[in-house]
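The file work-v5.txt contains compact mmCIF, C-alpha atoms:
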```txt
# COMPACT_ATOMS: atom_id res chain seq x y z
CA MET R 1 -6.08 4.22 11.53
CA LEU R 2 -6.33 0.78 9.96
CA LEU R 3 -5.78 -2.22 12.16
CA LYS R 4 -5.15 -5.73 10.95
CA LYS R 5 -8.67 -6.81 11.84
CA ASP R 6 -9.94 -4.32 9.27
CA ILE R 7 -7.77 -5.77 6.52
CA GLN R 8 -8.63 -9.26 5.38
CA ASN R 9 -8.76 -9.21 1.60
CA ILE R 10 -5.85 -7.71 -0.29
CA LEU R 11 -5.51 -7.25 -4.04
CA VAL R 12 -1.87 -7.22 -5.13
CA VAL R 13 -1.10 -5.86 -8.60
CA ASP R 14 2.35 -6.29 -10.12
CA ASP R 15 3.58 -7.43 -13.53
CA ASP R 16 6.32 -9.53 -11.90
CA GLU R 17 4.52 -12.86 -11.45
CA PHE R 18 7.27 -14.46 -9.42
CA LEU R 19 7.15 -11.61 -6.92
CA LEU R 20 3.34 -11.80 -6.90
CA GLU R 21 3.40 -15.47 -5.93
CA ALA R 22 5.99 -14.82 -3.24
CA ILE R 23 3.91 -11.98 -1.75
CA LYS R 24 0.75 -14.10 -1.92
CA LYS R 25 2.36 -17.03 -0.12
CA LYS R 26 3.85 -14.86 2.61
CA LEU R 27 0.76 -12.80 3.31
CA GLU R 28 -1.55 -15.82 3.20
CA SER R 29 0.59 -17.51 5.84
CA SER R 30 -0.02 -14.40 7.96
CA GLY R 31 -3.78 -14.82 7.67
CA TYR R 32 -4.66 -12.49 4.82
CA HIS R 33 -6.73 -13.51 1.80
CA ILE R 34 -4.80 -12.51 -1.28
CA THR R 35 -5.94 -11.96 -4.85
CA THR R 36 -3.30 -11.22 -7.46
CA SER R 37 -3.28 -9.53 -10.84
CA ASN R 38 -0.37 -9.14 -13.21
CA ASN R 39 -2.01 -6.41 -15.26
CA VAL R 40 -4.29 -3.46 -14.75
CA HIS R 41 -7.19 -4.79 -16.84
CA ASP R 42 -7.46 -7.96 -14.79
CA ALA R 43 -7.00 -5.92 -11.60
CA TYR R 44 -9.85 -3.61 -12.60
CA PHE R 45 -12.16 -6.58 -13.08
CA LYS R 46 -11.19 -8.17 -9.75
CA LEU R 47 -11.38 -4.85 -7.96
CA ASN R 48 -15.00 -4.38 -8.94
CA MET R 49 -15.95 -8.01 -8.35
CA GLN R 50 -14.39 -8.36 -4.93
CA LYS R 51 -13.94 -4.89 -3.46
CA PRO R 52 -10.79 -5.69 -1.45
CA ASP R 53 -9.95 -4.08 1.89
CA LEU R 54 -6.56 -2.98 0.61
CA ILE R 55 -4.77 -2.71 -2.73
CA MET R 56 -1.03 -3.09 -3.16
CA LEU R 57 -0.14 -1.56 -6.48
CA ASP R 58 3.11 -1.51 -8.40
CA ILE R 59 3.76 1.84 -10.05
CA ILE R 60 5.71 0.85 -13.16
CA MET R 61 3.58 -1.50 -15.27
CA PRO R 62 3.33 -1.90 -19.04
CA ASP R 63 -0.25 -0.89 -19.89
CA MET R 64 -0.96 1.79 -17.36
CA ASN R 65 1.11 2.95 -14.44
CA GLY R 66 -0.06 2.41 -10.89
CA ILE R 67 -0.72 6.07 -10.19
CA GLU R 68 -3.01 6.37 -13.21
CA PHE R 69 -4.82 3.23 -12.09
CA MET R 70 -5.08 4.64 -8.59
CA SER R 71 -6.86 7.71 -9.94
CA ILE R 72 -9.45 5.42 -11.56
CA ILE R 73 -9.93 3.54 -8.29
CA ASN R 74 -10.32 6.81 -6.42
CA SER R 75 -12.80 8.18 -8.93
CA GLN R 76 -15.26 5.29 -8.53
CA PHE R 77 -17.82 5.65 -5.77
CA LEU R 78 -17.63 1.98 -4.74
CA THR R 79 -13.84 1.80 -4.59
CA SER R 80 -12.75 5.30 -3.64
CA ASP R 81 -12.45 4.45 0.05
CA ILE R 82 -10.12 1.47 -0.44
CA PRO R 83 -6.67 2.21 0.96
CA ILE R 84 -3.82 1.80 -1.51
CA ILE R 85 -0.16 0.99 -1.03
CA LEU R 86 1.96 2.07 -3.98
CA MET R 87 5.12 0.04 -4.49
CA SER R 88 8.09 1.32 -6.45
CA TYR R 89 11.82 1.65 -6.79
CA LEU R 90 11.25 5.26 -7.71
CA PRO R 91 11.66 7.59 -4.75
CA GLU R 92 8.65 9.75 -3.96
CA LYS R 93 10.62 12.82 -5.01
CA GLU R 94 11.25 11.37 -8.46
CA LEU R 95 7.56 10.59 -8.83
CA TYR R 96 6.78 14.18 -7.95
CA ASN R 97 9.32 15.35 -10.55
CA MET R 98 7.55 13.17 -13.12
CA GLY R 99 4.36 15.05 -12.33
CA TYR R 100 2.78 12.41 -10.14
CA SER R 101 1.43 12.71 -6.66
CA ILE R 102 0.71 9.68 -4.52
CA GLY R 103 -2.04 11.60 -2.75
CA LYS R 104 -3.43 9.77 0.25
CA ALA R 105 -1.82 6.46 -0.73
CA TYR R 106 0.81 4.72 1.36
CA TYR R 107 4.23 4.23 -0.17
CA LEU R 108 6.31 1.08 0.02
CA ALA R 109 9.82 1.34 -1.36
CA LYS R 110 11.14 -1.54 -3.43
CA PRO R 111 13.07 -3.67 -3.06
CA PHE R 112 11.67 -5.02 0.18
CA ASN R 113 12.27 -8.34 1.86
CA VAL R 114 9.10 -10.36 1.25
CA ASN R 115 9.62 -12.17 4.55
CA GLY R 116 9.32 -8.89 6.40
CA LEU R 117 6.24 -7.79 4.48
CA PRO R 118 3.55 -8.65 7.08
CA GLN R 119 5.34 -6.54 9.69
CA LYS R 120 6.04 -3.82 7.14
CA LEU R 121 2.37 -3.74 6.22
CA GLN R 122 1.27 -3.40 9.81
CA HIS R 123 3.82 -0.71 10.44
CA LEU R 124 2.71 1.24 7.38
CA LEU R 125 -0.96 1.05 8.20
CA LEU R 126 -0.50 1.85 11.87
CA SER R 127 1.91 4.70 11.34
CA THR R 128 -0.69 7.07 9.95
CA MET X 1 22.65 -21.39 5.94
CA LYS X 2 21.74 -23.58 2.99
CA THR X 3 22.61 -22.35 -0.47
CA THR X 4 23.39 -23.91 -3.80
CA GLN X 5 27.05 -24.02 -2.88
CA ASN X 6 28.59 -27.41 -3.41
CA THR X 7 31.35 -28.89 -1.34
CA GLN X 8 33.99 -27.23 -3.51
CA ALA X 9 34.75 -23.57 -3.19
CA ALA X 10 32.60 -22.53 -6.16
CA PRO X 11 30.55 -19.41 -5.43
CA ALA X 12 26.81 -19.92 -5.05
CA LEU X 13 24.92 -19.05 -8.22
CA PHE X 14 21.64 -18.49 -6.45
CA ASN X 15 20.41 -18.58 -2.91
CA LEU X 16 17.15 -20.18 -1.84
CA ASP X 17 17.15 -18.94 1.74
CA GLN X 18 14.63 -16.18 1.16
CA LEU X 19 12.39 -18.36 -1.00
CA ASN X 20 12.44 -21.22 1.49
CA GLN X 21 11.58 -18.80 4.28
CA ILE X 22 8.69 -17.35 2.27
CA GLY X 23 7.30 -20.84 1.75
CA ASN X 24 8.08 -22.09 5.27
CA ASP X 25 10.25 -24.80 3.71
CA ASP X 26 7.34 -26.08 1.63
CA GLU X 27 9.19 -28.07 -1.02
CA THR X 28 6.26 -28.06 -3.46
CA PHE X 29 6.10 -24.28 -3.28
CA THR X 30 9.85 -24.01 -3.87
CA LYS X 31 9.66 -26.29 -6.91
CA GLN X 32 6.74 -24.37 -8.39
CA MET X 33 8.54 -21.09 -7.84
CA LEU X 34 11.73 -22.37 -9.43
CA GLU X 35 9.79 -23.52 -12.50
CA LYS X 36 8.11 -20.13 -12.64
CA PHE X 37 11.44 -18.38 -12.28
CA ILE X 38 12.96 -20.36 -15.17
CA THR X 39 10.11 -19.17 -17.40
CA GLN X 40 10.60 -15.61 -16.20
CA VAL X 41 14.35 -15.72 -16.88
CA TYR X 42 13.71 -16.97 -20.43
CA GLU X 43 11.23 -14.14 -20.97
CA CYS X 44 13.66 -11.66 -19.50
CA SER X 45 16.44 -12.68 -21.92
CA GLU X 46 14.08 -12.64 -24.88
CA SER X 47 12.67 -9.24 -23.97
CA LEU X 48 16.08 -7.65 -23.32
CA HIS X 49 17.41 -9.03 -26.57
CA SER X 50 14.53 -7.90 -28.73
CA ALA X 51 14.56 -4.50 -27.01
CA ILE X 52 18.22 -3.81 -27.69
CA LEU X 53 18.06 -5.11 -31.26
CA THR X 54 15.27 -2.64 -32.02
CA SER X 55 16.82 0.10 -29.84
CA ASP X 56 13.62 0.13 -27.82
CA TRP X 57 15.12 1.86 -24.79
CA LEU X 58 11.86 2.06 -22.88
CA LYS X 59 11.29 -1.67 -23.24
CA LEU X 60 14.86 -2.33 -22.19
CA LYS X 61 14.47 -0.12 -19.13
CA ASN X 62 11.10 -1.61 -18.15
CA THR X 63 12.26 -5.21 -18.63
CA ALA X 64 15.27 -4.64 -16.41
CA HIS X 65 13.12 -2.82 -13.85
CA LYS X 66 10.45 -5.50 -13.77
CA ASN X 67 12.84 -8.36 -13.08
CA ILE X 68 14.93 -6.87 -10.28
CA PRO X 69 12.68 -7.96 -7.36
CA SER X 70 12.52 -11.60 -8.51
CA TYR X 71 16.23 -11.80 -9.09
CA SER X 72 16.74 -10.28 -5.64
CA ILE X 73 14.59 -12.97 -4.01
CA MET X 74 16.73 -15.60 -5.75
CA GLY X 75 19.89 -13.99 -4.39
CA LEU X 76 21.25 -13.28 -7.87
CA ASP X 77 23.16 -10.23 -6.75
CA GLU X 78 25.44 -9.89 -9.76
CA LEU X 79 22.53 -10.07 -12.17
CA VAL X 80 20.55 -7.64 -10.02
CA ASN X 81 23.39 -5.14 -10.37
CA LEU X 82 23.53 -5.68 -14.13
CA LEU X 83 19.77 -5.17 -14.40
CA LYS X 84 19.95 -2.00 -12.31
CA TYR X 85 22.78 -0.76 -14.52
CA THR X 86 20.71 -1.58 -17.62
CA GLU X 87 17.74 0.29 -16.24
CA ILE X 88 19.80 3.40 -15.57
CA GLN X 89 21.80 3.33 -18.80
CA SER X 90 18.79 2.74 -21.01
CA ALA X 91 17.21 5.87 -19.56
CA LYS X 92 20.31 8.05 -19.78
CA ASN X 93 23.21 7.24 -22.07
CA LYS X 94 21.57 4.85 -24.53
CA GLU X 95 24.86 3.67 -26.02
CA TYR X 96 23.85 0.87 -28.36
CA ASN X 97 27.10 -1.11 -28.57
CA HIS X 98 27.77 -0.94 -24.86
CA MET X 99 24.26 -1.97 -23.93
CA LEU X 100 24.26 -4.77 -26.49
CA GLU X 101 27.34 -6.10 -24.73
CA ILE X 102 25.66 -5.81 -21.33
CA VAL X 103 22.52 -7.55 -22.57
CA GLU X 104 24.60 -10.39 -23.98
CA ILE X 105 26.36 -10.77 -20.64
CA ILE X 106 23.00 -10.86 -18.84
CA CYS X 107 21.59 -13.43 -21.27
CA GLU X 108 24.66 -15.63 -20.90
CA LYS X 109 24.42 -15.46 -17.11
CA ASN X 110 20.69 -16.12 -17.36
CA ASN X 111 21.42 -19.33 -19.26
CA THR X 112 23.88 -20.40 -16.59
CA VAL X 113 21.28 -19.71 -13.90
CA ILE X 114 18.63 -21.71 -15.77
CA ASP X 115 21.00 -24.66 -16.06
CA ALA X 116 21.84 -24.47 -12.36
CA ILE X 117 18.18 -24.29 -11.33
CA ARG X 118 17.29 -27.22 -13.59
CA LYS X 119 20.08 -29.21 -12.00
CA HIS X 120 18.81 -28.24 -8.58
CA LEU X 121 15.27 -29.31 -9.49
CA ARG X 122 16.58 -32.70 -10.62
CA LEU X 123 18.33 -33.08 -7.29
CA MET X 124 15.11 -32.19 -5.50
CA GLU X 125 13.27 -34.81 -7.53
CA ASN X 126 15.84 -37.31 -6.32
CA GLY X 127 15.09 -36.41 -2.75
CA LYS X 128 18.02 -34.14 -2.14
CA LYS X 129 16.83 -30.79 -0.95
CA TYR X 130 20.21 -29.20 -1.50
CA PRO X 131 23.03 -30.21 -3.83
CA ASP X 132 25.38 -30.81 -0.93
CA ASP X 133 23.02 -33.22 0.84
CA ASN X 134 24.70 -36.59 0.69
```

Turn the structure described in the file into structure tokens.
Amino acid sequence: MLLKKDIQNILVVDDDEFLLEAIKKKLESSGYHITTSNNVHDAYFKLNMQKPDLIMLDIIMPDMNGIEFMSIINSQFLTSDIPIILMSYLPEKELYNMGYSIGKAYYLAKPFNVNGLPQKLQHLLLST
Amino acid sequence: MKTTQNTQAAPALFNLDQLNQIGNDDETFTKQMLEKFITQVYECSESLHSAILTSDWLKLKNTAHKNIPSYSIMGLDELVNLLKYTEIQSAKNKEYNHMLEIVEIICEKNNTVIDAIRKHLRLMENGKKYPDDN
């Protein structure tokens, strides 16, 4: 079980920069330290430089989808233990039908109200 | 509830409630986000247009998909529905003429939104947080 005290640094990866800024502002006002990336290459660099406590990862992105990126994160010794929240409009069932499995990741359905995100985050992390 | 509604009965084009709440009514944050959103709306129109003109259905689908959360934050419900429709149709039916028409409607509405946001930013510069502040 992950409590808030365990989560300080969060890497948020999404190609929607407006949404990224909104998430960053909201979560920072709740006491988290947020790093953002709008593409997987930049995220990969920041991931290895900073080793965040949590990664919030959009699934549909142009260069590589979030689930493929998650498998890279999980395959690296230094990052494999970082919890991941996958964010998508696609229902989990549809992802499964596309041949993807979210594995041990958490799932956050889009669209979500950014203002409710801190509570949503806590609920997600405490519910397992 | 503060929106972009003016004193006449014109429907609100966009709604800043969610954005203001995210930024705890930080006016600088709101301005920066509105500027960012204008850029994003331009890019959205350009990407949708080039996608449909080249019948790049995947690009059309992904562009629509990508922009839905931002448009939702800005309370652009009609455009959100059009983007959702575009996302679905570009994955299923792929009817060129119909989707060209939809893209043109979205781009026209995008232009109207950009104009309205620019107007709102000018009002903010003049010290009026909302257009109906007198």

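Taking CA of Lys26 (chain R) as the reference point, CA of Tyr44 (chain R) is found at 23.4 Å.
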
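If we count only C-alpha atoms, these residues of chain X sit within 7 Å of chain R: Gln21, Ile22, Gly23, Met33, Lys36, Phe37, Lys66, Asn67, Pro69 and Ser70 of chain X.
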
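When the distance limit is 8 Å and all atoms listed in the file are what count, the residues near Ile102 (chain R), minus those fewer than 6 positions from it on the same chain, are Ile67, Leu86 and Glu92 of chain R.
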
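Here CA of Ile85 (chain R) and CA of Met74 (chain X) stand 24.1 Å from one another.
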
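Counting from CA of Pro118 (chain R), the distance to CA of Ile7 (chain R) is 11.7 Å.
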
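Non-sequential neighbours of Asp63 (chain R) (distance at most 9 Å, separation of 5 or more positions within a chain, all atoms listed in the file) are Asn39, Val40 and His41 of chain R.
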
Write the selection just made, keeping C-alpha atoms, as a compact mmCIF listing (two decimals), in the coordinates of the input?
```
# COMPACT_ATOMS: atom_id res chain seq x y z
CA ASN R 39 -2.01 -6.41 -15.26
CA VAL R 40 -4.29 -3.46 -14.75
CA HIS R 41 -7.19 -4.79 -16.84
```

Task: Ser80 (chain R) surroundings by only C-alpha atoms, 12 Å radius, close-in-sequence under 4 positions cut, as a PyMOL selection string - done: chain R and resi 47-48+51-55+69-76+84+104-105
